[in-house]
Amino acid sequence: MPGVDHCLQEAMAIPGAVGASIVDYTTGFPVATTGSAPNADHDAAAAGTASVVQAATDRSMIVSAVPNDLLEDLIITTAGGYHLLRLVQTDFDSRLVLYVWLDRSLGNLAVARRRMQKLADELVAT
Amino acid sequence: MPSSTTAAPGRLLTQAAGERRTGALVVGGHPGGSVYLIEGMVAYAESPAAPGVGELLTASGRLAGRTWQAALDAGTSQAQVGRMLVDQGHLTQGELELCVLGATYDAAFFALSPASAPVDFLDGAVHWMGAVVRVDADALNRESRRRARMLDEILPDSRVDSAPVTPAARLPVGRVTLTALQWELLVHADGQRTPADLAQLLGRAGYATVQELRRMAAIGLLRAPVAGERAGPVRLTAVPTPDAAPPKPAATPPSPGAESRRRDPPRGTASPRRIPGSRSPDEPRAEVHAVAPLSPTGTLSPTGTTLGPTGTEPTGDTRPETTGPVQRPPRLARRKPGAGIPKDVAAEPPPPHGTDEVLLKRIRTALRALR
């Protein structure tokens, strides 16, 4: 059965993946990490990831405009990379997001997004 | 033999981890908690202020109470409860790991944050959860300190973390936006429940609860904690301490049912009690306290802690000059000419049938939480 480490290994198998982590976005804490992080600092990357998710969930009018229209993922593109954030929906109380950093020239956004959706679902699916 | 010392729990944890010890670091005081080490790595932590894995899984409905209880009954003696839930197909490995990690960091924050507390180390004690995760003790210490700093950045008033939660009767702002968790907390805050009570009741992480409460206190959505109400957290934590510090390897875990049963008796004996939703004689006092967090330092004015129903008169004269347009003079001041409430009447506890009603409602809430 896939655990947290297995999930991150699979995330690193996504074409172009440079680094991956699972971040608690209440506290900006990286629960688990693997590979590289921007500026080689997983803690700082996690804090930044948390700010982005909170901006979208708490301070944006886009999210929750319709009941049960929950945030699924956030995609940030830069000139050199893709940063994908996929919310992990657990039944119990947790506020977790799966973060994968992709090299832009090697990665495929659509493929990566589909793979992350599957990973996040498998992590908590019965 | 455990030797009780008074020290910084975080430092002792680092020391025990450095010696690669196996056992439980039991932190006394309020809220206190225990951190379990296996060969120097943290495997689990628990605190009365943070819902454990069982509360998180059952309060959310992820597991039925009897499923959890069955796993406890079968796995406690071998300290295999976590693995048993996965082996029996109730949880995925990912869910279990994430839940245990979340609960561990959450409880460790409350157990390790005091600068000084009575600390015991129980050699060889193993938690019934078993070895699901391994967390570095230094990382846990660092994260606990970071979480404490983040709370102080929101509002440097740690009384909010333990005092009973009362929503402000009138707001110092014209409009507020709430997160879903803030709404949940406000809806369940009745002036009796402490943040720890709310976290356990709702199955929400203790730190997330405290974080939202500090945010709401910072913008004046909560009545400021009053000195007299400090009895609340003491009352709560004094009761669960025996369970929170299980001295035996196979200590019977607190089931969700035991949790709510354990918390109810102290409330049942508390008096006097307000009837939620009813207009009680001291309501105008709440308005005065609601504006207290507005002071620029973020701390409370000393008068806010001593004002009673009769003590609002002097502030009634000065308040309107110092506060914004939303503020109105306390209603009691206006009522004064004809119908001032005599002190003895105001202090009288509510009629007995009201108390029964509150108690019944509380039992109903507890039963619902069990599901």
# chains A, B, ... in the order shown; residues from 1 in each chain; ligands from 1
$ closest_atom_pairs --of "chain A" --to "chain B" --cutoff "8 Å" --atoms "only C-alpha atoms" --output "CSV"
residue,atom,partner,partner_atom,distance
A:Met1,CA,B:Gln93,CA,6.0
A:Pro2,CA,B:Gln93,CA,6.1
A:Gly3,CA,B:Gly94,CA,4.1
A:Val4,CA,B:Gly94,CA,5.2
A:Thr26,CA,B:Ala208,CA,6.6
A:Thr27,CA,B:Arg147,CA,7.0
A:Phe29,CA,B:Glu143,CA,7.7
A:Val31,CA,B:Leu101,CA,7.4
A:Asp58,CA,B:Thr179,CA,6.4
A:Thr90,CA,B:Glu95,CA,7.4
A:Asp91,CA,B:Arg62,CA,5.7
A:Phe92,CA,B:Ser60,CA,5.1
A:Asp93,CA,B:Arg204,CA,5.6
A:Ser94,CA,B:Gly102,CA,7.2
A:Leu123,CA,B:Gly94,CA,5.0
A:Val124,CA,B:Glu95,CA,5.2
A:Ala125,CA,B:Thr92,CA,6.8
A:Thr126,CA,B:Thr92,CA,5.9
$ residues_around --residues "Arg145 (chain B)" --least-positions-apart "3" --cutoff "12 Å" --atoms "only C-alpha atoms" --output "PyMOL selection string"
(chain A and resi 27) or (chain B and resi 9-11+105+108-115+138-142+148-152)
$ atom_distance --atom1 "CA of Glu122 (chain A)" --atom2 "CA of Asp106 (chain B)"
24.6 Å
$ residues_around --residues "Glu10 (chain A)" --least-positions-apart "3" --cutoff "12 Å" --atoms "only C-alpha atoms" --output "ChimeraX atom specification"
/A:2-7,13-15,17,19-21,34-35,98,100,112,115-120,122-123
$ write_last_selection --atoms "N, CA, C and O atoms" --output "JSON list (two decimals), in the first residue's frame"
[["chain", "number", "residue", "atom", "x", "y", "z"],
["A", 2, "PRO", "N", 0.50, 2.25, -0.78],
["A", 2, "PRO", "CA", 1.38, 3.40, -0.92],
["A", 2, "PRO", "C", 1.37, 4.27, 0.33],
["A", 2, "PRO", "O", 0.32, 4.70, 0.78],
["A", 3, "GLY", "N", 2.52, 4.53, 0.88],
["A", 3, "GLY", "CA", 2.65, 5.46, 1.99],
["A", 3, "GLY", "C", 3.12, 6.80, 1.47],
["A", 3, "GLY", "O", 3.17, 7.04, 0.26],
["A", 4, "VAL", "N", 3.50, 7.66, 2.40],
["A", 4, "VAL", "CA", 3.93, 9.00, 2.03],
["A", 4, "VAL", "C", 5.20, 8.96, 1.18],
["A", 4, "VAL", "O", 5.31, 9.64, 0.15],
["A", 5, "ASP", "N", 6.17, 8.14, 1.61],
["A", 5, "ASP", "CA", 7.44, 8.09, 0.87],
["A", 5, "ASP", "C", 7.24, 7.55, -0.54],
["A", 5, "ASP", "O", 7.83, 8.04, -1.50],
["A", 6, "HIS", "N", 6.38, 6.53, -0.64],
["A", 6, "HIS", "CA", 6.09, 5.96, -1.94],
["A", 6, "HIS", "C", 5.44, 7.01, -2.86],
["A", 6, "HIS", "O", 5.76, 7.11, -4.04],
["A", 7, "CYS", "N", 4.55, 7.79, -2.29],
["A", 7, "CYS", "CA", 3.87, 8.84, -3.06],
["A", 7, "CYS", "C", 4.88, 9.84, -3.61],
["A", 7, "CYS", "O", 4.82, 10.23, -4.77],
["A", 13, "ALA", "N", 8.93, 10.43, -10.26],
["A", 13, "ALA", "CA", 8.95, 9.71, -11.52],
["A", 13, "ALA", "C", 8.19, 10.44, -12.63],
["A", 13, "ALA", "O", 8.23, 10.04, -13.79],
["A", 14, "ILE", "N", 7.48, 11.51, -12.27],
["A", 14, "ILE", "CA", 6.80, 12.32, -13.29],
["A", 14, "ILE", "C", 7.88, 12.97, -14.17],
["A", 14, "ILE", "O", 8.85, 13.50, -13.63],
["A", 15, "PRO", "N", 7.72, 12.90, -15.50],
["A", 15, "PRO", "CA", 8.77, 13.46, -16.37],
["A", 15, "PRO", "C", 9.06, 14.93, -16.02],
["A", 15, "PRO", "O", 8.14, 15.74, -15.89],
["A", 17, "ALA", "N", 10.34, 16.04, -13.18],
["A", 17, "ALA", "CA", 10.25, 16.40, -11.76],
["A", 17, "ALA", "C", 11.64, 16.65, -11.18],
["A", 17, "ALA", "O", 12.56, 15.88, -11.40],
["A", 19, "GLY", "N", 11.80, 18.16, -7.76],
["A", 19, "GLY", "CA", 11.62, 18.00, -6.32],
["A", 19, "GLY", "C", 10.15, 17.86, -6.00],
["A", 19, "GLY", "O", 9.29, 18.23, -6.81],
["A", 20, "ALA", "N", 9.85, 17.28, -4.83],
["A", 20, "ALA", "CA", 8.46, 17.09, -4.44],
["A", 20, "ALA", "C", 8.37, 17.14, -2.93],
["A", 20, "ALA", "O", 9.33, 16.82, -2.23],
["A", 21, "SER", "N", 7.21, 17.58, -2.44],
["A", 21, "SER", "CA", 7.01, 17.58, -0.99],
["A", 21, "SER", "C", 5.52, 17.55, -0.69],
["A", 21, "SER", "O", 4.69, 17.84, -1.55],
["A", 34, "THR", "N", 11.39, 15.38, -0.85],
["A", 34, "THR", "CA", 12.37, 14.59, -1.61],
["A", 34, "THR", "C", 12.87, 15.46, -2.76],
["A", 34, "THR", "O", 12.20, 16.41, -3.18],
["A", 35, "GLY", "N", 14.08, 15.15, -3.25],
["A", 35, "GLY", "CA", 14.63, 15.90, -4.37],
["A", 35, "GLY", "C", 15.03, 17.31, -3.96],
["A", 35, "GLY", "O", 15.27, 17.59, -2.79],
["A", 98, "LEU", "N", 0.14, 18.61, -2.00],
["A", 98, "LEU", "CA", 1.27, 17.93, -2.66],
["A", 98, "LEU", "C", 1.88, 18.91, -3.64],
["A", 98, "LEU", "O", 1.19, 19.48, -4.48],
["A", 100, "VAL", "N", 4.90, 19.69, -6.44],
["A", 100, "VAL", "CA", 5.93, 19.13, -7.33],
["A", 100, "VAL", "C", 6.51, 20.25, -8.17],
["A", 100, "VAL", "O", 5.78, 21.08, -8.73],
["A", 112, "ALA", "N", 1.73, 15.95, -16.04],
["A", 112, "ALA", "CA", 2.08, 16.08, -14.62],
["A", 112, "ALA", "C", 0.83, 16.30, -13.77],
["A", 112, "ALA", "O", 0.69, 15.73, -12.69],
["A", 115, "ARG", "N", -1.06, 13.03, -13.38],
["A", 115, "ARG", "CA", -0.34, 12.10, -12.51],
["A", 115, "ARG", "C", -0.48, 12.51, -11.04],
["A", 115, "ARG", "O", -0.64, 11.67, -10.15],
["A", 116, "MET", "N", -0.41, 13.82, -10.80],
["A", 116, "MET", "CA", -0.51, 14.30, -9.41],
["A", 116, "MET", "C", -1.90, 14.08, -8.85],
["A", 116, "MET", "O", -2.07, 13.77, -7.68],
["A", 117, "GLN", "N", -2.89, 14.24, -9.71],
["A", 117, "GLN", "CA", -4.27, 13.98, -9.27],
["A", 117, "GLN", "C", -4.40, 12.54, -8.80],
["A", 117, "GLN", "O", -4.96, 12.26, -7.74],
["A", 118, "LYS", "N", -3.82, 11.63, -9.61],
["A", 118, "LYS", "CA", -3.90, 10.21, -9.27],
["A", 118, "LYS", "C", -3.15, 9.92, -7.98],
["A", 118, "LYS", "O", -3.64, 9.21, -7.10],
["A", 119, "LEU", "N", -1.97, 10.52, -7.84],
["A", 119, "LEU", "CA", -1.16, 10.28, -6.65],
["A", 119, "LEU", "C", -1.87, 10.76, -5.39],
["A", 119, "LEU", "O", -1.92, 10.07, -4.37],
["A", 120, "ALA", "N", -2.43, 11.98, -5.47],
["A", 120, "ALA", "CA", -3.09, 12.54, -4.28],
["A", 120, "ALA", "C", -4.31, 11.71, -3.91],
["A", 120, "ALA", "O", -4.61, 11.53, -2.72],
["A", 122, "GLU", "N", -4.73, 8.41, -4.62],
["A", 122, "GLU", "CA", -4.30, 7.08, -4.15],
["A", 122, "GLU", "C", -3.77, 7.13, -2.72],
["A", 122, "GLU", "O", -3.90, 6.17, -1.96],
["A", 123, "LEU", "N", -3.19, 8.27, -2.37],
["A", 123, "LEU", "CA", -2.60, 8.40, -1.04],
["A", 123, "LEU", "C", -3.65, 8.19, 0.05],
["A", 123, "LEU", "O", -3.36, 7.66, 1.11]]
$ atom_distance --atom1 "CA of Arg214 (chain B)" --atom2 "CA of Ala8 (chain B)"
24.5 Å
$ atom_distance --atom1 "CA of Ala369 (chain B)" --atom2 "CA of Leu201 (chain B)"
6.5 Å
$ select_by_dssp --residues "region 78-124 of chain A" --states "strand (DSSP E)" --output "PyMOL selection string"
chain A and resi 81-88+96-103
$ write_last_selection --atoms "all heavy atoms" --output "tab-separated table (two decimals), in the first residue's frame"
chain	number	residue	atom	x	y	z
A	81	GLY	N	10.35	26.80	-15.16
A	81	GLY	CA	9.76	25.65	-14.48
A	81	GLY	C	8.26	25.75	-14.29
A	81	GLY	O	7.63	26.77	-14.55
A	82	TYR	N	7.71	24.62	-13.88
A	82	TYR	CA	6.31	24.56	-13.46
A	82	TYR	C	6.28	24.20	-11.97
A	82	TYR	O	7.05	23.34	-11.53
A	82	TYR	CB	5.56	23.46	-14.22
A	82	TYR	CG	5.45	23.65	-15.70
A	82	TYR	CD1	5.92	22.69	-16.59
A	82	TYR	CD2	4.84	24.79	-16.22
A	82	TYR	CE1	5.81	22.85	-17.96
A	82	TYR	CE2	4.73	24.96	-17.59
A	82	TYR	CZ	5.21	23.99	-18.45
A	82	TYR	OH	5.09	24.16	-19.80
A	83	HIS	N	5.41	24.85	-11.25
A	83	HIS	CA	5.21	24.51	-9.83
A	83	HIS	C	3.75	24.09	-9.68
A	83	HIS	O	2.86	24.92	-9.86
A	83	HIS	CB	5.53	25.70	-8.93
A	83	HIS	CG	6.93	26.20	-9.10
A	83	HIS	ND1	7.95	25.85	-8.27
A	83	HIS	CD2	7.47	26.99	-10.06
A	83	HIS	CE1	9.07	26.42	-8.70
A	83	HIS	NE2	8.81	27.12	-9.78
A	84	LEU	N	3.53	22.83	-9.36
A	84	LEU	CA	2.16	22.32	-9.26
A	84	LEU	C	1.82	22.03	-7.80
A	84	LEU	O	2.59	21.38	-7.09
A	84	LEU	CB	2.01	21.03	-10.07
A	84	LEU	CG	1.84	21.20	-11.59
A	84	LEU	CD1	3.16	21.47	-12.25
A	84	LEU	CD2	1.21	19.96	-12.17
A	85	LEU	N	0.67	22.51	-7.39
A	85	LEU	CA	0.20	22.28	-6.03
A	85	LEU	C	-1.14	21.58	-6.10
A	85	LEU	O	-2.09	22.11	-6.68
A	85	LEU	CB	0.04	23.60	-5.27
A	85	LEU	CG	1.30	24.37	-4.89
A	85	LEU	CD1	1.87	25.13	-6.07
A	85	LEU	CD2	0.99	25.33	-3.77
A	86	ARG	N	-1.21	20.39	-5.52
A	86	ARG	CA	-2.45	19.62	-5.56
A	86	ARG	C	-2.92	19.40	-4.13
A	86	ARG	O	-2.19	18.83	-3.32
A	86	ARG	CB	-2.19	18.27	-6.22
A	86	ARG	CG	-3.37	17.33	-6.21
A	86	ARG	CD	-4.17	17.45	-7.47
A	86	ARG	NE	-5.53	16.98	-7.30
A	86	ARG	CZ	-6.48	17.11	-8.23
A	86	ARG	NH1	-6.21	17.68	-9.37
A	86	ARG	NH2	-7.69	16.68	-8.01
A	87	LEU	N	-4.13	19.83	-3.82
A	87	LEU	CA	-4.62	19.64	-2.46
A	87	LEU	C	-4.95	18.17	-2.20
A	87	LEU	O	-5.56	17.51	-3.04
A	87	LEU	CB	-5.85	20.51	-2.21
A	87	LEU	CG	-5.46	21.88	-1.63
A	87	LEU	CD1	-4.84	22.74	-2.70
A	87	LEU	CD2	-6.62	22.56	-0.97
A	88	VAL	N	-4.50	17.67	-1.07
A	88	VAL	CA	-4.76	16.29	-0.66
A	88	VAL	C	-6.00	16.33	0.24
A	88	VAL	O	-5.96	16.89	1.32
A	88	VAL	CB	-3.56	15.69	0.09
A	88	VAL	CG1	-3.84	14.25	0.49
A	88	VAL	CG2	-2.29	15.78	-0.75
A	96	LEU	N	-3.37	19.63	3.77
A	96	LEU	CA	-2.13	19.20	3.12
A	96	LEU	C	-2.20	19.47	1.63
A	96	LEU	O	-3.25	19.39	1.01
A	96	LEU	CB	-1.93	17.69	3.35
A	96	LEU	CG	-1.75	17.27	4.81
A	96	LEU	CD1	-1.82	15.76	4.93
A	96	LEU	CD2	-0.43	17.77	5.37
A	97	VAL	N	-1.02	19.77	1.09
A	97	VAL	CA	-0.93	19.99	-0.34
A	97	VAL	C	0.31	19.27	-0.86
A	97	VAL	O	1.35	19.25	-0.20
A	97	VAL	CB	-0.91	21.51	-0.65
A	97	VAL	CG1	0.30	22.19	-0.02
A	97	VAL	CG2	-0.96	21.79	-2.12
A	98	LEU	N	0.14	18.61	-2.00
A	98	LEU	CA	1.27	17.93	-2.66
A	98	LEU	C	1.88	18.91	-3.64
A	98	LEU	O	1.19	19.48	-4.48
A	98	LEU	CB	0.75	16.67	-3.38
A	98	LEU	CG	1.73	15.90	-4.24
A	98	LEU	CD1	2.87	15.33	-3.43
A	98	LEU	CD2	1.00	14.76	-4.97
A	99	TYR	N	3.18	19.14	-3.46
A	99	TYR	CA	3.86	20.13	-4.28
A	99	TYR	C	4.92	19.44	-5.14
A	99	TYR	O	5.72	18.65	-4.61
A	99	TYR	CB	4.50	21.19	-3.38
A	99	TYR	CG	5.54	22.07	-4.06
A	99	TYR	CD1	5.17	22.89	-5.12
A	99	TYR	CD2	6.86	22.07	-3.65
A	99	TYR	CE1	6.12	23.69	-5.75
A	99	TYR	CE2	7.81	22.86	-4.27
A	99	TYR	CZ	7.43	23.67	-5.32
A	99	TYR	OH	8.37	24.46	-5.95
A	100	VAL	N	4.90	19.69	-6.44
A	100	VAL	CA	5.93	19.13	-7.33
A	100	VAL	C	6.51	20.25	-8.17
A	100	VAL	O	5.78	21.08	-8.73
A	100	VAL	CB	5.35	18.01	-8.24
A	100	VAL	CG1	6.41	17.52	-9.20
A	100	VAL	CG2	4.84	16.85	-7.40
A	101	TRP	N	7.82	20.27	-8.23
A	101	TRP	CA	8.55	21.27	-9.03
A	101	TRP	C	9.07	20.57	-10.27
A	101	TRP	O	9.76	19.54	-10.17
A	101	TRP	CB	9.70	21.83	-8.19
A	101	TRP	CG	10.55	22.85	-8.88
A	101	TRP	CD1	10.18	23.65	-9.91
A	101	TRP	CD2	11.90	23.18	-8.56
A	101	TRP	NE1	11.21	24.48	-10.26
A	101	TRP	CE2	12.27	24.21	-9.45
A	101	TRP	CE3	12.82	22.72	-7.61
A	101	TRP	CZ2	13.55	24.79	-9.43
A	101	TRP	CZ3	14.09	23.29	-7.59
A	101	TRP	CH2	14.45	24.32	-8.48
A	102	LEU	N	8.70	21.09	-11.44
A	102	LEU	CA	9.10	20.46	-12.71
A	102	LEU	C	10.02	21.38	-13.50
A	102	LEU	O	9.85	22.61	-13.49
A	102	LEU	CB	7.87	20.19	-13.58
A	102	LEU	CG	6.78	19.25	-13.07
A	102	LEU	CD1	5.62	19.29	-14.04
A	102	LEU	CD2	7.31	17.84	-12.95
A	103	ASP	N	10.96	20.76	-14.17
A	103	ASP	CA	11.77	21.49	-15.14
A	103	ASP	C	10.90	21.74	-16.38
A	103	ASP	O	10.27	20.81	-16.90
A	103	ASP	CB	12.99	20.65	-15.52
A	103	ASP	CG	13.91	21.38	-16.47
A	103	ASP	OD1	13.50	21.63	-17.63
A	103	ASP	OD2	15.03	21.70	-16.05
$ residues_around --residues "Ala217 (chain B)" --least-positions-apart "5" --cutoff "8 Å" --atoms "only C-alpha atoms" --output "PyMOL selection string"
chain B and resi 155+160+222-224+293
